[in-house]
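Reproduced below: coords.cif, with mmCIF, C-alpha atoms.
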data_structure
#
loop_
_atom_site.group_PDB
_atom_site.id
_atom_site.type_symbol
_atom_site.label_atom_id
_atom_site.label_comp_id
_atom_site.auth_asym_id
_atom_site.auth_seq_id
_atom_site.Cartn_x
_atom_site.Cartn_y
_atom_site.Cartn_z
ATOM 1 C CA MET T 524 3.664 32.356 2.324
ATOM 2 C CA VAL T 525 2.624 29.236 0.419
ATOM 3 C CA THR T 526 5.190 27.060 -1.322
ATOM 4 C CA ASN T 527 4.001 24.901 -4.192
ATOM 5 C CA LEU T 528 5.705 21.521 -4.431
ATOM 6 C CA GLU T 529 5.388 19.347 -7.535
ATOM 7 C CA VAL T 530 5.665 15.681 -6.574
ATOM 8 C CA LYS T 531 6.619 14.607 -10.083
ATOM 9 C CA THR T 532 9.524 17.051 -10.168
ATOM 10 C CA ILE T 533 10.778 15.987 -6.742
ATOM 11 C CA ILE T 534 10.726 12.240 -7.375
ATOM 12 C CA ASN T 535 11.494 12.511 -11.088
ATOM 13 C CA THR T 536 8.944 9.860 -12.066
ATOM 14 C CA PRO T 537 5.156 9.662 -12.529
ATOM 15 C CA PHE T 538 5.083 6.656 -10.169
ATOM 16 C CA GLY T 539 4.511 7.560 -6.526
ATOM 17 C CA VAL T 540 5.147 3.994 -5.474
ATOM 18 C CA ALA T 541 8.423 3.495 -3.554
ATOM 19 C CA SER T 542 8.802 4.511 0.091
ATOM 20 C CA GLU T 543 12.263 5.951 -0.671
ATOM 21 C CA ASP T 544 10.668 8.429 -3.086
ATOM 22 C CA GLY T 545 8.096 9.251 -0.425
ATOM 23 C CA GLY T 546 10.993 10.067 1.899
ATOM 24 C CA ARG T 547 12.341 12.558 -0.648
ATOM 25 C CA LEU T 548 8.954 14.274 -0.818
ATOM 26 C CA TYR T 549 8.745 14.377 2.970
ATOM 27 C CA GLU T 550 12.141 16.092 3.261
ATOM 28 C CA GLU T 551 10.869 18.919 1.025
ATOM 29 C CA ILE T 552 7.640 19.264 3.002
ATOM 30 C CA PHE T 553 9.360 19.029 6.379
ATOM 31 C CA GLN T 554 11.878 21.806 5.674
ATOM 32 C CA ARG T 555 9.083 24.235 4.743
ATOM 33 C CA LEU T 556 6.722 23.350 7.567
ATOM 34 C CA LYS T 557 9.567 23.609 10.058
ATOM 35 C CA ASN T 558 10.175 27.185 8.880
ATOM 36 C CA GLY T 559 6.522 28.090 9.408
ATOM 37 C CA GLU T 560 5.674 28.125 5.699
ATOM 38 C CA SER T 561 2.487 26.678 4.242
ATOM 39 C CA VAL T 562 2.860 24.008 1.590
ATOM 40 C CA LYS T 563 0.641 22.981 -1.291
ATOM 41 C CA VAL T 564 1.621 19.607 -2.722
ATOM 42 C CA SER T 565 0.578 19.006 -6.322
ATOM 43 C CA PHE T 566 0.216 15.459 -7.620
ATOM 44 C CA ALA T 567 -0.195 16.583 -11.242
ATOM 45 C CA GLY T 568 1.245 13.979 -13.606
ATOM 46 C CA ILE T 569 1.431 11.250 -10.943
ATOM 47 C CA THR T 570 -0.234 8.184 -12.429
ATOM 48 C CA ARG T 571 0.336 5.559 -9.711
ATOM 49 C CA LEU T 572 0.264 5.831 -5.920
ATOM 50 C CA THR T 573 0.772 3.412 -3.041
ATOM 51 C CA THR T 574 0.053 3.757 0.651
ATOM 52 C CA ALA T 575 3.764 3.086 1.258
ATOM 53 C CA PHE T 576 4.706 6.182 -0.759
ATOM 54 C CA LEU T 577 2.040 8.312 0.930
ATOM 55 C CA ASN T 578 2.951 7.017 4.398
ATOM 56 C CA ALA T 579 6.566 8.043 3.911
ATOM 57 C CA GLY T 580 5.801 11.211 1.933
ATOM 58 C CA ILE T 581 2.957 12.686 3.951
ATOM 59 C CA GLY T 582 1.834 10.373 6.776
ATOM 60 C CA GLN T 583 4.914 11.009 8.850
ATOM 61 C CA VAL T 584 4.202 14.757 9.150
ATOM 62 C CA TYR T 585 2.155 13.805 12.221
ATOM 63 C CA ASN T 586 5.352 12.592 13.825
ATOM 64 C CA GLU T 587 6.729 16.151 13.851
ATOM 65 C CA PHE T 588 3.711 18.452 13.787
ATOM 66 C CA SER T 589 0.351 18.601 15.525
ATOM 67 C CA GLU T 590 -2.909 17.873 13.728
ATOM 68 C CA GLU T 591 -3.875 21.552 14.002
ATOM 69 C CA TYR T 592 -0.573 22.710 12.530
ATOM 70 C CA VAL T 593 -0.821 20.262 9.621
ATOM 71 C CA ARG T 594 -4.429 21.237 8.941
ATOM 72 C CA GLU T 595 -3.436 24.886 8.820
ATOM 73 C CA HIS T 596 -0.232 24.563 6.785
ATOM 74 C CA LEU T 597 -0.603 21.617 4.407
ATOM 75 C CA ARG T 598 -2.769 21.276 1.303
ATOM 76 C CA VAL T 599 -2.824 18.864 -1.626
ATOM 77 C CA SER T 600 -4.039 19.321 -5.183
ATOM 78 C CA ASN T 601 -4.496 17.400 -8.416
ATOM 79 C CA LEU T 602 -5.344 14.093 -6.769
ATOM 80 C CA ASP T 603 -8.060 12.000 -8.398
ATOM 81 C CA GLU T 604 -10.693 10.103 -6.383
ATOM 82 C CA LYS T 605 -8.425 7.089 -5.965
ATOM 83 C CA GLY T 606 -5.568 9.243 -4.722
ATOM 84 C CA LEU T 607 -7.799 11.148 -2.322
ATOM 85 C CA ASN T 608 -9.174 7.885 -0.997
ATOM 86 C CA LEU T 609 -5.698 6.455 -0.396
ATOM 87 C CA LEU T 610 -4.441 9.647 1.215
ATOM 88 C CA ARG T 611 -7.421 9.848 3.533
ATOM 89 C CA ARG T 612 -6.720 6.319 4.770
ATOM 90 C CA VAL T 613 -3.034 7.110 5.198
ATOM 91 C CA VAL T 614 -3.847 10.264 7.179
ATOM 92 C CA ASP T 615 -6.387 8.467 9.393
ATOM 93 C CA ARG T 616 -3.887 5.669 10.033
ATOM 94 C CA ALA T 617 -1.009 8.080 10.710
ATOM 95 C CA LYS T 618 -3.052 9.915 13.336
ATOM 96 C CA ILE T 619 -3.603 6.617 15.178
ATOM 97 C CA PHE T 620 -0.027 5.411 14.647
ATOM 98 C CA LEU T 621 1.827 8.605 15.513
ATOM 99 C CA CYS T 622 -0.364 11.016 17.447
ATOM 100 C CA MET F 744 -5.067 -8.624 -21.701
ATOM 101 C CA PRO F 745 -8.869 -8.380 -21.407
ATOM 102 C CA VAL F 746 -10.521 -4.982 -21.410
ATOM 103 C CA LEU F 747 -10.918 -3.794 -17.818
ATOM 104 C CA SER F 748 -12.962 -0.880 -16.571
ATOM 105 C CA ASP F 749 -10.784 2.132 -15.736
ATOM 106 C CA GLN F 750 -11.392 1.731 -12.014
ATOM 107 C CA LEU F 751 -10.713 -2.014 -12.066
ATOM 108 C CA ARG F 752 -7.477 -1.506 -13.978
ATOM 109 C CA SER F 753 -6.465 1.161 -11.502
ATOM 110 C CA LYS F 754 -7.290 -1.036 -8.482
ATOM 111 C CA PHE F 755 -5.450 -4.018 -9.998
ATOM 112 C CA LEU F 756 -2.297 -1.963 -10.592
ATOM 113 C CA GLU F 757 -2.594 -0.479 -7.110
ATOM 114 C CA GLY F 758 -2.724 -4.001 -5.675
ATOM 115 C CA LEU F 759 0.364 -5.076 -7.626
ATOM 116 C CA ASP F 760 2.259 -1.934 -6.574
ATOM 117 C CA GLU F 761 1.431 -2.606 -2.923
ATOM 118 C CA ILE F 762 2.669 -6.207 -3.138
ATOM 119 C CA PHE F 763 5.885 -5.193 -4.911
ATOM 120 C CA ASN F 764 6.496 -2.491 -2.354
ATOM 121 C CA ASN F 765 5.870 -4.833 0.554
ATOM 122 C CA ALA F 766 8.385 -7.273 -0.861
ATOM 123 C CA ALA F 767 10.923 -4.462 -1.320
ATOM 124 C CA VAL F 768 10.423 -2.957 2.153
ATOM 125 C CA HIS F 769 9.981 -6.039 4.338
ATOM 126 C CA SER F 770 11.493 -9.119 2.711
ATOM 127 C CA ARG F 771 15.234 -8.335 2.789
ATOM 128 C CA SER F 772 15.480 -10.583 -0.265
ATOM 129 C CA GLU F 773 19.036 -10.808 -1.541
ATOM 130 C CA LEU F 774 18.008 -12.658 -4.682
ATOM 131 C CA GLY F 775 15.517 -10.108 -5.969
ATOM 132 C CA ILE F 776 11.807 -10.320 -6.616
ATOM 133 C CA TYR F 777 10.232 -12.531 -9.290
ATOM 134 C CA CYS F 778 6.870 -12.143 -10.939
ATOM 135 C CA CYS F 779 4.686 -13.665 -13.604
ATOM 136 C CA GLY F 780 1.124 -13.336 -14.752
ATOM 137 C CA GLN F 781 -1.386 -14.670 -17.214
ATOM 138 C CA ALA F 782 -4.775 -13.607 -18.554
ATOM 139 C CA TYR F 783 -7.591 -16.137 -19.023
ATOM 140 C CA PRO F 784 -10.074 -14.421 -21.365
ATOM 141 C CA ARG F 785 -12.561 -17.315 -21.489
ATOM 142 C CA SER F 786 -12.995 -17.464 -17.734
ATOM 143 C CA SER F 787 -12.567 -13.679 -17.313
ATOM 144 C CA LYS F 788 -9.623 -13.927 -14.954
ATOM 145 C CA VAL F 789 -6.157 -12.472 -14.616
ATOM 146 C CA LYS F 790 -3.620 -14.103 -12.306
ATOM 147 C CA PHE F 791 -0.421 -12.510 -11.101
ATOM 148 C CA THR F 792 2.229 -13.844 -8.739
ATOM 149 C CA ILE F 793 5.041 -12.000 -6.984
ATOM 150 C CA SER F 794 7.674 -13.911 -5.070
ATOM 151 C CA ASP F 795 10.665 -12.869 -2.998
ATOM 152 C CA CYS F 796 13.466 -14.923 -1.473
ATOM 153 C CA GLY F 797 13.562 -13.031 1.793
ATOM 154 C CA ILE F 798 13.085 -13.714 5.485
ATOM 155 C CA GLY F 799 9.358 -14.449 5.287
ATOM 156 C CA ILE F 800 6.460 -12.960 7.225
ATOM 157 C CA PRO F 801 6.799 -15.164 10.374
ATOM 158 C CA ARG F 802 10.448 -14.170 10.918
ATOM 159 C CA SER F 803 9.727 -10.507 10.158
ATOM 160 C CA LEU F 804 6.978 -10.579 12.765
ATOM 161 C CA SER F 805 9.157 -12.365 15.285
ATOM 162 C CA GLU F 806 12.139 -10.013 14.829
ATOM 163 C CA ASN F 807 10.195 -6.742 14.687
ATOM 164 C CA ARG F 808 7.277 -7.395 16.998
ATOM 165 C CA GLY F 809 8.571 -10.210 19.190
ATOM 166 C CA LEU F 810 5.534 -12.277 18.278
ATOM 167 C CA THR F 811 6.150 -15.986 18.009
ATOM 168 C CA ILE F 812 3.135 -17.568 16.389
ATOM 169 C CA THR F 813 2.674 -20.190 13.686
ATOM 170 C CA ALA F 814 3.582 -19.232 10.116
ATOM 171 C CA GLU F 815 -0.040 -19.265 8.943
ATOM 172 C CA GLU F 816 -1.112 -17.143 11.908
ATOM 173 C CA ALA F 817 1.671 -14.681 11.069
ATOM 174 C CA ILE F 818 0.317 -14.250 7.538
ATOM 175 C CA ASP F 819 -3.185 -13.854 8.924
ATOM 176 C CA TRP F 820 -1.878 -11.160 11.291
ATOM 177 C CA ALA F 821 -0.267 -9.302 8.377
ATOM 178 C CA MET F 822 -3.515 -9.332 6.421
ATOM 179 C CA ARG F 823 -5.507 -7.603 9.152
ATOM 180 C CA GLU F 824 -6.262 -3.870 9.269
ATOM 181 C CA GLY F 825 -3.793 -1.707 11.147
ATOM 182 C CA THR F 826 -1.063 -4.285 11.699
ATOM 183 C CA THR F 827 2.520 -3.637 10.661
ATOM 184 C CA THR F 828 5.984 -4.845 11.598
ATOM 185 C CA ARG F 829 7.222 -1.316 11.027
ATOM 186 C CA SER F 830 8.055 0.957 13.916
ATOM 187 C CA GLY F 831 9.483 4.463 14.132
ATOM 188 C CA ASP F 832 8.489 7.566 12.234
ATOM 189 C CA VAL F 833 6.794 6.167 9.153
ATOM 190 C CA PRO F 834 3.316 4.728 9.640
ATOM 191 C CA GLY F 835 2.355 1.504 7.894
ATOM 192 C CA GLY F 836 -0.142 -1.312 7.935
ATOM 193 C CA LEU F 837 -2.438 -0.428 5.065
ATOM 194 C CA GLY F 838 -1.206 -1.865 1.774
ATOM 195 C CA LEU F 839 -2.174 -5.513 2.186
ATOM 196 C CA LYS F 840 -5.508 -4.597 3.745
ATOM 197 C CA ILE F 841 -6.420 -2.373 0.829
ATOM 198 C CA LEU F 842 -5.500 -5.241 -1.501
ATOM 199 C CA ARG F 843 -7.672 -7.616 0.547
ATOM 200 C CA GLU F 844 -10.657 -5.257 0.497
ATOM 201 C CA PHE F 845 -10.355 -4.885 -3.263
ATOM 202 C CA ILE F 846 -10.168 -8.649 -3.854
ATOM 203 C CA GLU F 847 -13.172 -9.239 -1.588
ATOM 204 C CA ILE F 848 -15.266 -6.724 -3.529
ATOM 205 C CA ASN F 849 -13.965 -7.974 -6.872
ATOM 206 C CA GLY F 850 -14.702 -11.605 -6.036
ATOM 207 C CA GLY F 851 -11.138 -12.653 -6.775
ATOM 208 C CA GLU F 852 -8.625 -14.671 -4.798
ATOM 209 C CA ILE F 853 -5.409 -14.190 -2.855
ATOM 210 C CA GLN F 854 -3.016 -16.973 -1.930
ATOM 211 C CA ILE F 855 0.057 -16.374 0.209
ATOM 212 C CA VAL F 856 2.814 -18.807 1.075
ATOM 213 C CA SER F 857 5.499 -17.724 3.528
ATOM 214 C CA ASP F 858 7.874 -20.062 5.323
ATOM 215 C CA ARG F 859 5.602 -23.022 6.170
ATOM 216 C CA GLY F 860 2.441 -20.968 6.263
ATOM 217 C CA TYR F 861 -0.402 -20.904 3.736
ATOM 218 C CA TRP F 862 -3.165 -18.297 3.708
ATOM 219 C CA ALA F 863 -5.941 -18.010 1.138
ATOM 220 C CA LEU F 864 -8.911 -15.752 0.522
ATOM 221 C CA ARG F 865 -11.511 -17.335 -1.724
ATOM 222 C CA HIS F 866 -15.201 -16.458 -2.046
ATOM 223 C CA ARG F 867 -14.545 -13.872 0.708
ATOM 224 C CA GLN F 868 -13.577 -16.701 3.097
ATOM 225 C CA VAL F 869 -10.137 -17.095 4.641
ATOM 226 C CA SER F 870 -8.482 -20.488 5.031
ATOM 227 C CA LEU F 871 -5.166 -21.313 6.669
ATOM 228 C CA GLY F 872 -2.800 -24.232 6.260
ATOM 229 C CA ARG F 873 0.719 -25.393 6.944
ATOM 230 C CA TYR F 874 3.271 -27.078 4.718
ATOM 231 C CA PHE F 875 5.567 -29.835 5.855
ATOM 232 C CA ARG F 876 8.581 -28.015 4.369
ATOM 233 C CA SER F 877 9.197 -24.273 4.380
ATOM 234 C CA PHE F 878 9.449 -21.959 1.373
ATOM 235 C CA PRO F 879 12.468 -19.632 1.686
ATOM 236 C CA GLY F 880 10.614 -16.356 1.235
ATOM 237 C CA THR F 881 7.088 -15.225 0.430
ATOM 238 C CA ILE F 882 4.819 -15.840 -2.562
ATOM 239 C CA VAL F 883 1.739 -13.699 -3.106
ATOM 240 C CA SER F 884 -0.693 -14.698 -5.861
ATOM 241 C CA ILE F 885 -3.755 -12.733 -6.776
ATOM 242 C CA GLN F 886 -6.556 -13.529 -9.167
ATOM 243 C CA ILE F 887 -9.055 -10.936 -10.283
ATOM 244 C CA ASN F 888 -12.422 -11.192 -11.961
ATOM 245 C CA THR F 889 -12.080 -9.057 -15.103
ATOM 246 C CA ARG F 890 -15.850 -8.651 -15.554
ATOM 247 C CA ASP F 891 -16.030 -6.592 -12.377
ATOM 248 C CA THR F 892 -17.955 -3.364 -12.981
ATOM 249 C CA ASN F 893 -18.012 -2.163 -9.365
ATOM 250 C CA VAL F 894 -17.566 1.515 -8.672
ATOM 251 C CA TYR F 895 -14.667 1.831 -6.252
ATOM 252 C CA TYR F 896 -14.553 5.624 -6.002
ATOM 253 C CA MET F 897 -17.218 8.294 -6.161
ATOM 254 C CA LYS F 898 -16.379 11.688 -7.567
ATOM 255 C CA GLY F 899 -16.577 14.417 -4.945
ATOM 256 C CA GLU F 900 -16.647 11.865 -2.109
ATOM 257 C CA ILE F 901 -13.641 13.452 -0.387
ATOM 258 C CA ASP F 902 -12.940 17.156 -0.050
ATOM 259 C CA PRO F 903 -9.178 17.688 -0.541
ATOM 260 C CA ASP F 904 -9.295 20.776 1.683
ATOM 261 C CA SER F 905 -10.535 18.849 4.700
ATOM 262 C CA LEU F 906 -8.251 15.811 4.384
ATOM 263 C CA PHE F 907 -5.986 16.663 7.280
#
Would you give me this structure, written as structure tokens?
Amino acid sequence: MVTNLEVKTIINTPFGVASEDGGRLYEEIFQRLKNGESVKVSFAGITRLTTAFLNAGIGQVYNEFSEEYVREHLRVSNLDEKGLNLLRRVVDRAKIFLC
Amino acid sequence: MPVLSDQLRSKFLEGLDEIFNNAAVHSRSELGIYCCGQAYPRSSKVKFTISDCGIGIPRSLSENRGLTITAEEAIDWAMREGTTTRSGDVPGGLGLKILREFIEINGGEIQIVSDRGYWALRHRQVSLGRYFRSFPGTIVSIQINTRDTNVYYMKGEIDPDSLF
């Protein structure tokens, strides 16, 4: 089972900037992953992103789940090149920081 | 505001967002965050400054990492890749480095004052200094070259399905 999560709906703003909002996204992801579900996170309509938001929203999954589990259960969509670039750096950093 | 390329505009806003967020997360400022900016069309520059009235980078480093170094060395530490005063579940240590990389490619400038420390990046060279009196908080100023036409992202460079 794959659950689709819309970032914009969860944080109620097009700005994925504040770490607190990232924490709200993470709570949604965490609950699903913990139950063995797969999650697809859509960034449609998100116009601004920071590493702080992505660290709190996605980076900390490596604190709870293994790399293999995350790779198997988590997907993202609707990120432009800038967003993909930021997220890749956040993921690489999180693996060093948390794994 | 001068016309910026889409990627430059995006990188500039990303830099500002990272600075604002750093001030909000780390400064513990009880008097808020102040900012101002100005465009200089003739010299193709935009300057923007964000200031908080918080504990400053040296004290943050001392309290969270137990590192007691000079104020300018503390700023220099914060501007390096992979360093963060944060601990616990949420990773950190990227925002200021991404800003620095952007400014180095853009040919702009960063100046930071925190406590008695001064740190500047100009012409891709870092210089450090120390003030006689301390500033109660942190000031980050950035200047960008608005004629920058660099390509910061390539389409298709990263496959979203192999990110993790």
Given the file shown, determine the residues that the PyMOL selection byres ((chain F) within 9 of (chain T)) selects; report them as a VMD selection string.
chain F and resid 750 753 to 754 756 to 758 760 to 761 764 to 765 767 to 768 825 831 to 838 841 895 to 907
All residues 7 Å or closer to region 878-894 of chain F, only C-alpha atoms, same chain fewer than 2 positions away omitted, as a ChimeraX atom specification
/F:747-748,787-799,846,849-859,876,896
Would you write out those residues with C-alpha atoms, as a PDB file, in the coordinates of the input?
ATOM      1  CA  LEU F 747     -10.918  -3.794 -17.818  1.00  0.00           C
ATOM      2  CA  SER F 748     -12.962  -0.880 -16.571  1.00  0.00           C
ATOM      3  CA  SER F 787     -12.567 -13.679 -17.313  1.00  0.00           C
ATOM      4  CA  LYS F 788      -9.623 -13.927 -14.954  1.00  0.00           C
ATOM      5  CA  VAL F 789      -6.157 -12.472 -14.616  1.00  0.00           C
ATOM      6  CA  LYS F 790      -3.620 -14.103 -12.306  1.00  0.00           C
ATOM      7  CA  PHE F 791      -0.421 -12.510 -11.101  1.00  0.00           C
ATOM      8  CA  THR F 792       2.229 -13.844  -8.739  1.00  0.00           C
ATOM      9  CA  ILE F 793       5.041 -12.000  -6.984  1.00  0.00           C
ATOM     10  CA  SER F 794       7.674 -13.911  -5.070  1.00  0.00           C
ATOM     11  CA  ASP F 795      10.665 -12.869  -2.998  1.00  0.00           C
ATOM     12  CA  CYS F 796      13.466 -14.923  -1.473  1.00  0.00           C
ATOM     13  CA  GLY F 797      13.562 -13.031   1.793  1.00  0.00           C
ATOM     14  CA  ILE F 798      13.085 -13.714   5.485  1.00  0.00           C
ATOM     15  CA  GLY F 799       9.358 -14.449   5.287  1.00  0.00           C
ATOM     16  CA  ILE F 846     -10.168  -8.649  -3.854  1.00  0.00           C
ATOM     17  CA  ASN F 849     -13.965  -7.974  -6.872  1.00  0.00           C
ATOM     18  CA  GLY F 850     -14.702 -11.605  -6.036  1.00  0.00           C
ATOM     19  CA  GLY F 851     -11.138 -12.653  -6.775  1.00  0.00           C
ATOM     20  CA  GLU F 852      -8.625 -14.671  -4.798  1.00  0.00           C
ATOM     21  CA  ILE F 853      -5.409 -14.190  -2.855  1.00  0.00           C
ATOM     22  CA  GLN F 854      -3.016 -16.973  -1.930  1.00  0.00           C
ATOM     23  CA  ILE F 855       0.057 -16.374   0.209  1.00  0.00           C
ATOM     24  CA  VAL F 856       2.814 -18.807   1.075  1.00  0.00           C
ATOM     25  CA  SER F 857       5.499 -17.724   3.528  1.00  0.00           C
ATOM     26  CA  ASP F 858       7.874 -20.062   5.323  1.00  0.00           C
ATOM     27  CA  ARG F 859       5.602 -23.022   6.170  1.00  0.00           C
ATOM     28  CA  ARG F 876       8.581 -28.015   4.369  1.00  0.00           C
ATOM     29  CA  TYR F 896     -14.553   5.624  -6.002  1.00  0.00           C
TER      30      TYR F 896
END
Within 9 Å of Val869 (chain F), counting all atoms listed in the file, which residues qualify if same-chain residues fewer than 6 places away don't, as a CSV table (one decimal) with C-alpha atoms, in the frame of the given file?
chain,number,residue,atom,x,y,z
F,819,ASP,CA,-3.2,-13.9,8.9
F,862,TRP,CA,-3.2,-18.3,3.7
F,863,ALA,CA,-5.9,-18.0,1.1
Let me have the centre and edge lengths in Å, one decimal, of the box along x, y and z around every listed atom of region 883-887 of chain F with 4 Å of margin on each side, as AutoDock Vina command-line options.
--center_x -3.7 --center_y -12.8 --center_z -6.7 --size_x 18.8 --size_y 11.8 --size_z 15.2
Counting only C-alpha atoms, note down every residue that has an atom within 9 Å of the point (12.6, 15.2, -2.0) (file coordinates), as a VMD selection string.
chain T and resid 530 532 to 534 544 to 552 580
Nearest to Leu839 (chain F): which of F:Ile812, F:Ile800, F:Ile762, F:Leu751 is it, counting all atoms listed in the file?
F:Ile762
Just checking: using all atoms listed in the file, which residue out of T:Val562, T:Ser589, T:Ile569, T:Gln554 ends up closest to Thr526 (chain T)?
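Among the listed residues, T:Val562 lies closest to Thr526 (chain T).
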Of the candidates T:Asn527, T:Asn558, T:Asn535, T:Ala567, which shows the shortest atom-to-atom distance to Phe588 (chain T), using all atoms listed in the file?
T:Asn558
Would you kindly place N, CA and C atoms on region 832-857 of chain F and return the model as a PDB file, keeping the file's coordinate frame?
ATOM      1  N   ASP F 832       9.160   6.347  12.664  1.00  0.00           N
ATOM      2  CA  ASP F 832       8.489   7.566  12.234  1.00  0.00           C
ATOM      3  C   ASP F 832       7.472   7.379  11.109  1.00  0.00           C
ATOM      4  N   VAL F 833       7.650   6.327  10.326  1.00  0.00           N
ATOM      5  CA  VAL F 833       6.794   6.167   9.153  1.00  0.00           C
ATOM      6  C   VAL F 833       5.672   5.186   9.455  1.00  0.00           C
ATOM      7  N   PRO F 834       4.418   5.647   9.363  1.00  0.00           N
ATOM      8  CA  PRO F 834       3.316   4.728   9.640  1.00  0.00           C
ATOM      9  C   PRO F 834       3.180   3.673   8.547  1.00  0.00           C
ATOM     10  N   GLY F 835       2.554   2.563   8.884  1.00  0.00           N
ATOM     11  CA  GLY F 835       2.355   1.504   7.894  1.00  0.00           C
ATOM     12  C   GLY F 835       1.102   0.719   8.220  1.00  0.00           C
ATOM     13  N   GLY F 836       0.966  -0.436   7.583  1.00  0.00           N
ATOM     14  CA  GLY F 836      -0.142  -1.312   7.935  1.00  0.00           C
ATOM     15  C   GLY F 836      -1.396  -1.122   7.116  1.00  0.00           C
ATOM     16  N   LEU F 837      -1.247  -0.653   5.882  1.00  0.00           N
ATOM     17  CA  LEU F 837      -2.438  -0.428   5.065  1.00  0.00           C
ATOM     18  C   LEU F 837      -2.455  -1.206   3.757  1.00  0.00           C
ATOM     19  N   GLY F 838      -1.278  -1.356   3.148  1.00  0.00           N
ATOM     20  CA  GLY F 838      -1.206  -1.865   1.774  1.00  0.00           C
ATOM     21  C   GLY F 838      -1.906  -3.191   1.558  1.00  0.00           C
ATOM     22  N   LEU F 839      -1.596  -4.183   2.385  1.00  0.00           N
ATOM     23  CA  LEU F 839      -2.174  -5.513   2.186  1.00  0.00           C
ATOM     24  C   LEU F 839      -3.672  -5.528   2.500  1.00  0.00           C
ATOM     25  N   LYS F 840      -4.083  -4.640   3.405  1.00  0.00           N
ATOM     26  CA  LYS F 840      -5.508  -4.597   3.745  1.00  0.00           C
ATOM     27  C   LYS F 840      -6.325  -3.985   2.615  1.00  0.00           C
ATOM     28  N   ILE F 841      -5.743  -2.986   1.968  1.00  0.00           N
ATOM     29  CA  ILE F 841      -6.420  -2.373   0.829  1.00  0.00           C
ATOM     30  C   ILE F 841      -6.529  -3.388  -0.312  1.00  0.00           C
ATOM     31  N   LEU F 842      -5.463  -4.177  -0.497  1.00  0.00           N
ATOM     32  CA  LEU F 842      -5.500  -5.241  -1.501  1.00  0.00           C
ATOM     33  C   LEU F 842      -6.606  -6.247  -1.151  1.00  0.00           C
ATOM     34  N   ARG F 843      -6.665  -6.627   0.110  1.00  0.00           N
ATOM     35  CA  ARG F 843      -7.672  -7.616   0.547  1.00  0.00           C
ATOM     36  C   ARG F 843      -9.095  -7.099   0.323  1.00  0.00           C
ATOM     37  N   GLU F 844      -9.325  -5.843   0.700  1.00  0.00           N
ATOM     38  CA  GLU F 844     -10.657  -5.257   0.497  1.00  0.00           C
ATOM     39  C   GLU F 844     -11.058  -5.283  -0.978  1.00  0.00           C
ATOM     40  N   PHE F 845     -10.089  -4.911  -1.826  1.00  0.00           N
ATOM     41  CA  PHE F 845     -10.355  -4.885  -3.263  1.00  0.00           C
ATOM     42  C   PHE F 845     -10.713  -6.285  -3.762  1.00  0.00           C
ATOM     43  N   ILE F 846      -9.930  -7.286  -3.372  1.00  0.00           N
ATOM     44  CA  ILE F 846     -10.168  -8.649  -3.854  1.00  0.00           C
ATOM     45  C   ILE F 846     -11.508  -9.174  -3.338  1.00  0.00           C
ATOM     46  N   GLU F 847     -11.881  -8.797  -2.121  1.00  0.00           N
ATOM     47  CA  GLU F 847     -13.172  -9.239  -1.588  1.00  0.00           C
ATOM     48  C   GLU F 847     -14.326  -8.636  -2.391  1.00  0.00           C
ATOM     49  N   ILE F 848     -14.206  -7.366  -2.748  1.00  0.00           N
ATOM     50  CA  ILE F 848     -15.266  -6.724  -3.529  1.00  0.00           C
ATOM     51  C   ILE F 848     -15.285  -7.283  -4.955  1.00  0.00           C
ATOM     52  N   ASN F 849     -14.103  -7.492  -5.504  1.00  0.00           N
ATOM     53  CA  ASN F 849     -13.965  -7.974  -6.872  1.00  0.00           C
ATOM     54  C   ASN F 849     -14.406  -9.430  -7.037  1.00  0.00           C
ATOM     55  N   GLY F 850     -14.377 -10.186  -5.941  1.00  0.00           N
ATOM     56  CA  GLY F 850     -14.702 -11.605  -6.036  1.00  0.00           C
ATOM     57  C   GLY F 850     -13.518 -12.440  -6.514  1.00  0.00           C
ATOM     58  N   GLY F 851     -12.339 -11.928  -6.352  1.00  0.00           N
ATOM     59  CA  GLY F 851     -11.138 -12.653  -6.775  1.00  0.00           C
ATOM     60  C   GLY F 851     -10.555 -13.505  -5.653  1.00  0.00           C
ATOM     61  N   GLU F 852      -9.286 -13.799  -5.781  1.00  0.00           N
ATOM     62  CA  GLU F 852      -8.625 -14.671  -4.798  1.00  0.00           C
ATOM     63  C   GLU F 852      -7.233 -14.155  -4.463  1.00  0.00           C
ATOM     64  N   ILE F 853      -6.811 -14.432  -3.248  1.00  0.00           N
ATOM     65  CA  ILE F 853      -5.409 -14.190  -2.855  1.00  0.00           C
ATOM     66  C   ILE F 853      -4.889 -15.489  -2.241  1.00  0.00           C
ATOM     67  N   GLN F 854      -3.694 -15.855  -2.609  1.00  0.00           N
ATOM     68  CA  GLN F 854      -3.016 -16.973  -1.930  1.00  0.00           C
ATOM     69  C   GLN F 854      -1.629 -16.502  -1.517  1.00  0.00           C
ATOM     70  N   ILE F 855      -1.270 -16.770  -0.284  1.00  0.00           N
ATOM     71  CA  ILE F 855       0.057 -16.374   0.209  1.00  0.00           C
ATOM     72  C   ILE F 855       0.743 -17.592   0.837  1.00  0.00           C
ATOM     73  N   VAL F 856       1.978 -17.781   0.444  1.00  0.00           N
ATOM     74  CA  VAL F 856       2.814 -18.807   1.075  1.00  0.00           C
ATOM     75  C   VAL F 856       4.027 -18.090   1.643  1.00  0.00           C
ATOM     76  N   SER F 857       4.321 -18.338   2.919  1.00  0.00           N
ATOM     77  CA  SER F 857       5.499 -17.724   3.528  1.00  0.00           C
ATOM     78  C   SER F 857       6.025 -18.686   4.579  1.00  0.00           C
TER      79      SER F 857
END
